[in-house]
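Chemist: As input, take my_file-v8.txt (compact mmCIF, C-alpha atoms):
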```
# COMPACT_ATOMS: atom_id res chain seq x y z
CA GLN F 164 24.65 37.21 15.04
CA LEU F 165 21.60 38.66 16.79
CA VAL F 166 20.61 42.33 16.69
CA GLU F 167 17.82 43.70 18.88
CA SER F 168 15.84 46.88 18.42
CA GLY F 169 12.71 48.53 19.74
CA GLY F 170 13.61 49.46 23.30
CA GLY F 171 12.97 52.84 24.88
CA LEU F 172 10.97 54.65 27.52
CA VAL F 173 7.29 53.97 28.10
CA GLN F 174 4.80 54.77 30.83
CA ALA F 175 3.35 52.07 33.01
CA GLY F 176 0.43 50.40 31.28
CA GLY F 177 1.89 51.08 27.86
CA SER F 178 3.11 48.74 25.17
CA MET F 179 6.34 48.13 23.31
CA ARG F 180 7.55 45.64 20.72
CA LEU F 181 11.10 44.37 20.59
CA SER F 182 12.60 42.83 17.48
CA CYS F 183 15.61 40.60 17.02
CA VAL F 184 17.05 39.90 13.59
CA ALA F 185 19.22 36.82 13.24
CA SER F 186 21.76 35.97 10.61
CA GLY F 187 22.25 32.42 9.43
CA ARG F 188 20.32 29.99 7.30
CA THR F 189 19.09 27.74 10.13
CA PHE F 190 16.99 30.34 11.99
CA SER F 191 13.69 28.58 11.43
CA MET F 192 14.96 25.40 13.09
CA TYR F 193 16.23 27.03 16.28
CA THR F 194 14.52 27.88 19.51
CA MET F 195 14.74 31.62 20.21
CA ALA F 196 14.39 33.34 23.56
CA TRP F 197 14.30 36.66 25.34
CA PHE F 198 16.07 37.29 28.63
CA ARG F 199 16.34 40.43 30.70
CA GLN F 200 18.88 41.82 33.10
CA THR F 201 17.53 44.19 35.69
CA PRO F 202 19.54 47.07 37.15
CA GLY F 203 22.19 45.96 39.61
CA LYS F 204 22.09 42.33 38.53
CA GLU F 205 25.01 40.48 37.00
CA ARG F 206 25.10 38.54 33.74
CA ASP F 207 24.54 35.22 35.51
CA GLU F 208 21.38 36.64 37.05
CA ARG F 209 19.64 37.25 33.74
CA GLU F 210 15.99 36.29 33.88
CA PHE F 211 14.28 34.12 31.35
CA VAL F 212 11.35 36.01 29.83
CA ALA F 213 10.00 33.96 26.94
CA ALA F 214 10.98 31.41 24.31
CA ILE F 215 9.58 30.07 21.09
CA ALA F 216 10.47 26.72 19.59
CA GLY F 217 11.63 26.19 16.03
CA SER F 218 9.16 25.86 13.18
CA ARG F 219 8.73 22.16 13.70
CA PHE F 220 6.87 22.82 16.97
CA ASN F 221 6.41 26.58 17.44
CA ASN F 222 5.55 26.16 21.12
CA THR F 223 5.87 29.22 23.33
CA TYR F 224 7.03 29.51 26.92
CA TYR F 225 6.85 32.41 29.41
CA ARG F 226 7.95 33.29 32.89
CA ASP F 227 4.94 33.53 35.17
CA SER F 228 5.16 37.27 35.75
CA VAL F 229 4.73 38.10 32.05
CA LYS F 230 2.10 35.54 31.10
CA GLY F 231 -0.93 37.24 29.60
CA ARG F 232 1.03 40.46 29.01
CA PHE F 233 3.92 39.47 26.74
CA THR F 234 3.77 37.56 23.47
CA ILE F 235 6.72 36.03 21.67
CA SER F 236 6.45 35.33 17.97
CA ARG F 237 8.69 34.73 14.98
CA ASP F 238 8.77 35.42 11.27
CA ASN F 239 11.07 32.84 9.74
CA ALA F 240 10.99 34.53 6.32
CA LYS F 241 12.56 37.60 7.97
CA SER F 242 14.72 35.66 10.43
CA THR F 243 13.17 37.78 13.15
CA VAL F 244 11.77 37.07 16.57
CA TYR F 245 9.52 39.57 18.34
CA LEU F 246 8.49 40.28 21.90
CA GLN F 247 5.24 42.20 22.17
CA MET F 248 4.97 43.66 25.66
CA ASN F 249 1.64 45.01 26.88
CA SER F 250 0.49 46.37 30.24
CA LEU F 251 4.08 47.16 31.10
CA LYS F 252 5.04 47.64 34.74
CA PRO F 253 7.98 49.49 36.30
CA GLU F 254 9.39 46.11 37.37
CA ASP F 255 9.72 45.20 33.69
CA THR F 256 12.50 47.78 33.42
CA ALA F 257 15.63 45.98 32.24
CA VAL F 258 18.01 45.41 29.40
CA TYR F 259 16.38 42.82 27.16
CA PHE F 260 18.49 40.32 25.29
CA CYS F 261 17.66 38.05 22.42
CA ALA F 262 19.36 34.66 22.60
CA SER F 263 19.59 31.36 20.82
CA PRO F 264 20.88 27.98 21.99
CA ASN F 265 21.62 27.17 18.33
CA SER F 266 19.43 24.13 18.68
CA GLY F 267 15.78 23.21 18.64
CA ILE F 268 15.64 22.42 22.35
CA THR F 269 12.17 22.59 23.89
CA HIS F 270 12.80 21.36 27.44
CA LEU F 271 11.46 24.22 29.57
CA PRO F 272 13.80 23.90 32.57
CA SER F 273 16.74 24.03 30.16
CA LEU F 274 15.26 26.94 28.23
CA MET F 275 15.15 29.00 31.41
CA ASN F 276 18.87 28.54 32.01
CA TRP F 277 20.92 31.28 30.35
CA LYS F 278 23.98 29.02 30.28
CA ILE F 279 22.65 26.90 27.40
CA TYR F 280 22.44 29.86 25.07
CA VAL F 281 25.25 30.26 22.58
CA ASP F 282 24.40 33.44 20.70
CA TRP F 283 23.35 36.71 22.34
CA GLY F 284 22.38 40.10 21.06
CA GLN F 285 23.85 43.30 22.44
CA GLY F 286 20.72 44.09 24.44
CA THR F 287 18.15 46.86 24.27
CA GLN F 288 17.09 49.02 27.21
CA VAL F 289 13.44 49.06 28.22
CA THR F 290 12.46 51.60 30.85
CA VAL F 291 8.95 51.71 32.28
CA SER F 292 8.12 54.82 34.26
CA SER F 293 5.51 54.85 37.00
```
Could I get this file's structure written as structure tokens?

Modeler:
Amino acid sequence: QLVESGGGLVQAGGSMRLSCVASGRTFSMYTMAWFRQTPGKERDEREFVAAIAGSRFNNTYYRDSVKGRFTISRDNAKSTVYLQMNSLKPEDTAVYFCASPNSGITHLPSLMNWKIYVDWGQGTQVTVSS
């Protein structure tokens, strides 16, 4: 089970940190990711935002439009993954979802495909005003 928190309303240029708490004893081994679904888009149009590999590798991956602005991190002791979002833009407005493929996959093209993810959080709304 994945539970997100930290969404809300922020002005353009502002910052926000999302958190996702996971249940289960294998959290540290699994790749974790953030996706977002923008207004008017369907579930199968969710955009990959960022991913972080399990503790064996800890590599991070980002979509191009958030590189340098967003940072994904994890605290395995707390079974929590974070998404620090800086320099937010109105186009970042979306429902953000935490997801896990329940594996330690690190192949980027696969990571960007929402279909490989098994567990999803309920989503948290992020609204960036201009």

Chemist: Nearest residue to Lys241 of chain F out of F:Val291, F:Ala216, F:Val258, F:Cys183, using only C-alpha atoms?

Modeler: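 Closest to Lys241 of chain F, using only C-alpha atoms: F:Cys183.
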
Chemist: So, counting only C-alpha atoms, which residue among F:Tyr224, F:Phe233, F:Tyr245, F:Trp283 is closest to His270 of chain F?

Modeler: F:Tyr224

Chemist: Mind checking which residues fall within 7 Å of Ala214 of chain F, counting all atoms listed in the file, ignoring those fewer than 2 positions away in the same chain, and posting them as number ranges by chain?

Modeler: F: 194-197, 216, 223-225, 235

Chemist: Report the distance between atom CA of Arg226 of chain F and atom CA of Ala213 of chain F in Å, rounded to one decimal place.

Modeler: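 Atom CA of Arg226 of chain F sits 6.3 Å away from atom CA of Ala213 of chain F.
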
Chemist: What does the distance between atom CA of Tyr193 of chain F and atom CA of Ala240 of chain F come to in Å, to one decimal place?

Modeler: 13.5 Å

Chemist: May I ask which of the residues F:Asn221, F:Thr256, F:Arg209, F:Asp282 is the closest one to Asn239 of chain F, counting all atoms listed in the file?

Modeler: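 The shortest atom-to-atom distance to Asn239 of chain F comes from F:Asn221.
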
Chemist: Atom CA of Ser242 of chain F and atom CA of Arg219 of chain F are how many Å apart?

Modeler: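 Computed distance, atom CA of Ser242 of chain F to atom CA of Arg219 of chain F, equals 15.1 Å.
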
Chemist: Determine, counting only C-alpha atoms, which protein, DNA and RNA residues have an atom within 10 Å of an atom of Ser228 of chain F; residues of the same chain fewer than 5 positions away are not included. Present the result as a ChimeraX atom specification.

Modeler: /F:212,233,254-255

Chemist: Take the selection from the previous step and output its residues with C-alpha atoms, as a PDB file, keeping the file's coordinate frame.

Modeler:
```pdb
ATOM      1  CA  VAL F 212      11.350  36.010  29.830  1.00  0.00           C
ATOM      2  CA  PHE F 233       3.920  39.470  26.740  1.00  0.00           C
ATOM      3  CA  GLU F 254       9.390  46.110  37.370  1.00  0.00           C
ATOM      4  CA  ASP F 255       9.720  45.200  33.690  1.00  0.00           C
TER       5      ASP F 255
END
```
